[in-house]
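Reviewing the structure listed below.
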Amino acid sequence: MTMPSRLPEPYSQGSGANLADILERVLDKGIVIAGDIRINLLDIELLTIKLRLIVASVDKAKEMGIDWWEDDPALSSGARRKELARENAELRERLAQLEPAREQEEAP
């Protein structure tokens with residue numbers, strides 16, 4: 001009795017890989033693409049751009065410790081609510097500091 005392998009069958013010339021299979025593999029394992037662009041003039045570095053691209057499923061990204069979208073107010077409603085609550089508390093604190101000074105100015 002042979003056990004089925006979890007490893008995918010290699011692609012041969014006769015079998016074509018469809019896009020869904022390739023995408024499933026990439027999202028399951030993750031892929032990193034990294035590159036640097038440097039612009040030099042007479043051995044003087046003028047500009048360096050570092051590019052990093054990670055393609056993975058959300059579960060795989062979290063497994064790798066990547067979860068920045070959870071704290072970005074532009075991408076997460078929970079983070080947006082936290083940001084608004086923080087801003088609201090800050091404004092209330094500033095208002096509380098201004099009101100005693102205003103009351104002292106109004107006192108005869």
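The way I read the labels, and the way they are meant: chains A, B, ... in the order of the structure tokens, residue 1 as the first residue of every chain, and ligand 1 as the first ligand shown, with later ones counted on from there.
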Determine which residues of region 6-93 of chain A DSSP labels as helix (DSSP H, G or I) from the backbone of this structure, then write them out as an NGL selection string.
:A and (19-29 or 58-63 or 68-70 or 77-93)
Might you pull out every residue within 12 Å of Lys50 (chain A), with only C-alpha atoms counted and same-chain residues fewer than 3 positions away left off, and present them as number ranges by chain?
A: 33-39, 47, 53
For the selection just defined, write its residues with N, CA and C atoms to a file, as a compact mmCIF listing (two decimals), in the first residue's frame.
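File written: again.txt
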```txt
# COMPACT_ATOMS: atom_id res chain seq x y z
N ILE A 33 10.16 38.61 -3.58
CA ILE A 33 10.93 39.18 -4.68
C ILE A 33 11.60 40.43 -4.13
N ALA A 34 12.91 40.49 -4.24
CA ALA A 34 13.66 41.62 -3.69
C ALA A 34 14.59 42.17 -4.74
N GLY A 35 14.77 43.47 -4.71
CA GLY A 35 15.70 44.09 -5.65
C GLY A 35 16.04 45.50 -5.21
N ASP A 36 17.18 45.96 -5.65
CA ASP A 36 17.64 47.31 -5.34
C ASP A 36 17.93 48.04 -6.65
N ILE A 37 17.60 49.30 -6.67
CA ILE A 37 17.93 50.16 -7.81
C ILE A 37 18.84 51.25 -7.28
N ARG A 38 20.01 51.37 -7.87
CA ARG A 38 20.95 52.41 -7.45
C ARG A 38 21.31 53.26 -8.65
N ILE A 39 21.33 54.56 -8.42
CA ILE A 39 21.74 55.50 -9.46
C ILE A 39 22.98 56.21 -8.98
N LEU A 47 20.86 58.01 -5.66
CA LEU A 47 19.56 57.50 -5.27
C LEU A 47 19.63 55.99 -5.10
N LEU A 53 8.86 42.67 -2.32
CA LEU A 53 7.50 42.24 -2.62
C LEU A 53 7.30 40.85 -2.05
```
Using only C-alpha atoms, determine which residues lie at most 10 Å from Gly30 (chain A), disregarding the query and same-chain residues fewer than 4 positions distant; provide the list as a list in words.
Leu23, Glu24, Arg25, Val26, Ile54, Val55, Ala56, Ser57, Val58, Lys60, Ala61 and Met64 of chain A
Taking only region 15-84 of chain A into account, list the residues labelled strand (DSSP E or B) by DSSP (computed from the backbone), as a list of chain:residue names.
A:Ile31, A:Val32, A:Ile33, A:Ala34, A:Gly35, A:Asp36, A:Ile37, A:Arg38, A:Ile39, A:Asn40, A:Leu41, A:Ile44, A:Glu45, A:Leu46, A:Leu47, A:Thr48, A:Ile49, A:Lys50, A:Leu51, A:Arg52, A:Leu53, A:Ile54, A:Val55
Could you save the residues just selected, with N, CA and C atoms, as a PDB file, in the first residue's frame?
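As a result, again20.pdb now contains:
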```pdb
ATOM      1  N   ILE A  31       6.061  33.802  -1.633  1.00  0.00           N
ATOM      2  CA  ILE A  31       7.186  34.091  -2.514  1.00  0.00           C
ATOM      3  C   ILE A  31       7.682  35.494  -2.197  1.00  0.00           C
ATOM      4  N   VAL A  32       8.980  35.666  -2.207  1.00  0.00           N
ATOM      5  CA  VAL A  32       9.590  36.964  -1.928  1.00  0.00           C
ATOM      6  C   VAL A  32      10.383  37.387  -3.153  1.00  0.00           C
ATOM      7  N   ILE A  33      10.164  38.610  -3.577  1.00  0.00           N
ATOM      8  CA  ILE A  33      10.928  39.184  -4.677  1.00  0.00           C
ATOM      9  C   ILE A  33      11.603  40.430  -4.126  1.00  0.00           C
ATOM     10  N   ALA A  34      12.909  40.488  -4.242  1.00  0.00           N
ATOM     11  CA  ALA A  34      13.657  41.615  -3.686  1.00  0.00           C
ATOM     12  C   ALA A  34      14.594  42.172  -4.741  1.00  0.00           C
ATOM     13  N   GLY A  35      14.770  43.469  -4.711  1.00  0.00           N
ATOM     14  CA  GLY A  35      15.696  44.094  -5.651  1.00  0.00           C
ATOM     15  C   GLY A  35      16.043  45.502  -5.205  1.00  0.00           C
ATOM     16  N   ASP A  36      17.184  45.960  -5.650  1.00  0.00           N
ATOM     17  CA  ASP A  36      17.641  47.314  -5.343  1.00  0.00           C
ATOM     18  C   ASP A  36      17.931  48.035  -6.647  1.00  0.00           C
ATOM     19  N   ILE A  37      17.605  49.297  -6.671  1.00  0.00           N
ATOM     20  CA  ILE A  37      17.931  50.159  -7.814  1.00  0.00           C
ATOM     21  C   ILE A  37      18.843  51.253  -7.285  1.00  0.00           C
ATOM     22  N   ARG A  38      20.006  51.369  -7.874  1.00  0.00           N
ATOM     23  CA  ARG A  38      20.948  52.406  -7.450  1.00  0.00           C
ATOM     24  C   ARG A  38      21.312  53.257  -8.651  1.00  0.00           C
ATOM     25  N   ILE A  39      21.328  54.564  -8.425  1.00  0.00           N
ATOM     26  CA  ILE A  39      21.735  55.504  -9.463  1.00  0.00           C
ATOM     27  C   ILE A  39      22.983  56.214  -8.975  1.00  0.00           C
ATOM     28  N   ASN A  40      24.078  56.018  -9.689  1.00  0.00           N
ATOM     29  CA  ASN A  40      25.359  56.634  -9.344  1.00  0.00           C
ATOM     30  C   ASN A  40      25.789  57.565 -10.466  1.00  0.00           C
ATOM     31  N   LEU A  41      26.484  58.615 -10.098  1.00  0.00           N
ATOM     32  CA  LEU A  41      27.076  59.529 -11.056  1.00  0.00           C
ATOM     33  C   LEU A  41      28.500  59.793 -10.603  1.00  0.00           C
ATOM     34  N   ILE A  44      29.357  58.592  -7.194  1.00  0.00           N
ATOM     35  CA  ILE A  44      28.600  59.227  -6.118  1.00  0.00           C
ATOM     36  C   ILE A  44      27.184  58.674  -6.185  1.00  0.00           C
ATOM     37  N   GLU A  45      26.764  58.081  -5.089  1.00  0.00           N
ATOM     38  CA  GLU A  45      25.428  57.492  -5.064  1.00  0.00           C
ATOM     39  C   GLU A  45      24.394  58.607  -4.936  1.00  0.00           C
ATOM     40  N   LEU A  46      23.543  58.730  -5.936  1.00  0.00           N
ATOM     41  CA  LEU A  46      22.521  59.766  -5.937  1.00  0.00           C
ATOM     42  C   LEU A  46      21.191  59.268  -5.376  1.00  0.00           C
ATOM     43  N   LEU A  47      20.864  58.013  -5.659  1.00  0.00           N
ATOM     44  CA  LEU A  47      19.556  57.499  -5.273  1.00  0.00           C
ATOM     45  C   LEU A  47      19.631  55.991  -5.104  1.00  0.00           C
ATOM     46  N   THR A  48      19.012  55.493  -4.049  1.00  0.00           N
ATOM     47  CA  THR A  48      18.878  54.053  -3.835  1.00  0.00           C
ATOM     48  C   THR A  48      17.422  53.764  -3.515  1.00  0.00           C
ATOM     49  N   ILE A  49      16.855  52.842  -4.259  1.00  0.00           N
ATOM     50  CA  ILE A  49      15.483  52.413  -4.023  1.00  0.00           C
ATOM     51  C   ILE A  49      15.516  50.922  -3.732  1.00  0.00           C
ATOM     52  N   LYS A  50      14.999  50.540  -2.572  1.00  0.00           N
ATOM     53  CA  LYS A  50      14.945  49.128  -2.211  1.00  0.00           C
ATOM     54  C   LYS A  50      13.513  48.647  -2.389  1.00  0.00           C
ATOM     55  N   LEU A  51      13.343  47.645  -3.210  1.00  0.00           N
ATOM     56  CA  LEU A  51      12.024  47.092  -3.480  1.00  0.00           C
ATOM     57  C   LEU A  51      11.919  45.703  -2.869  1.00  0.00           C
ATOM     58  N   ARG A  52      10.851  45.462  -2.120  1.00  0.00           N
ATOM     59  CA  ARG A  52      10.592  44.151  -1.539  1.00  0.00           C
ATOM     60  C   ARG A  52       9.130  43.826  -1.790  1.00  0.00           C
ATOM     61  N   LEU A  53       8.862  42.669  -2.324  1.00  0.00           N
ATOM     62  CA  LEU A  53       7.499  42.240  -2.616  1.00  0.00           C
ATOM     63  C   LEU A  53       7.303  40.854  -2.045  1.00  0.00           C
ATOM     64  N   ILE A  54       6.279  40.701  -1.238  1.00  0.00           N
ATOM     65  CA  ILE A  54       5.941  39.401  -0.676  1.00  0.00           C
ATOM     66  C   ILE A  54       4.534  39.062  -1.139  1.00  0.00           C
ATOM     67  N   VAL A  55       4.394  37.900  -1.751  1.00  0.00           N
ATOM     68  CA  VAL A  55       3.091  37.418  -2.180  1.00  0.00           C
ATOM     69  C   VAL A  55       2.806  36.160  -1.381  1.00  0.00           C
TER      70      VAL A  55
END
```
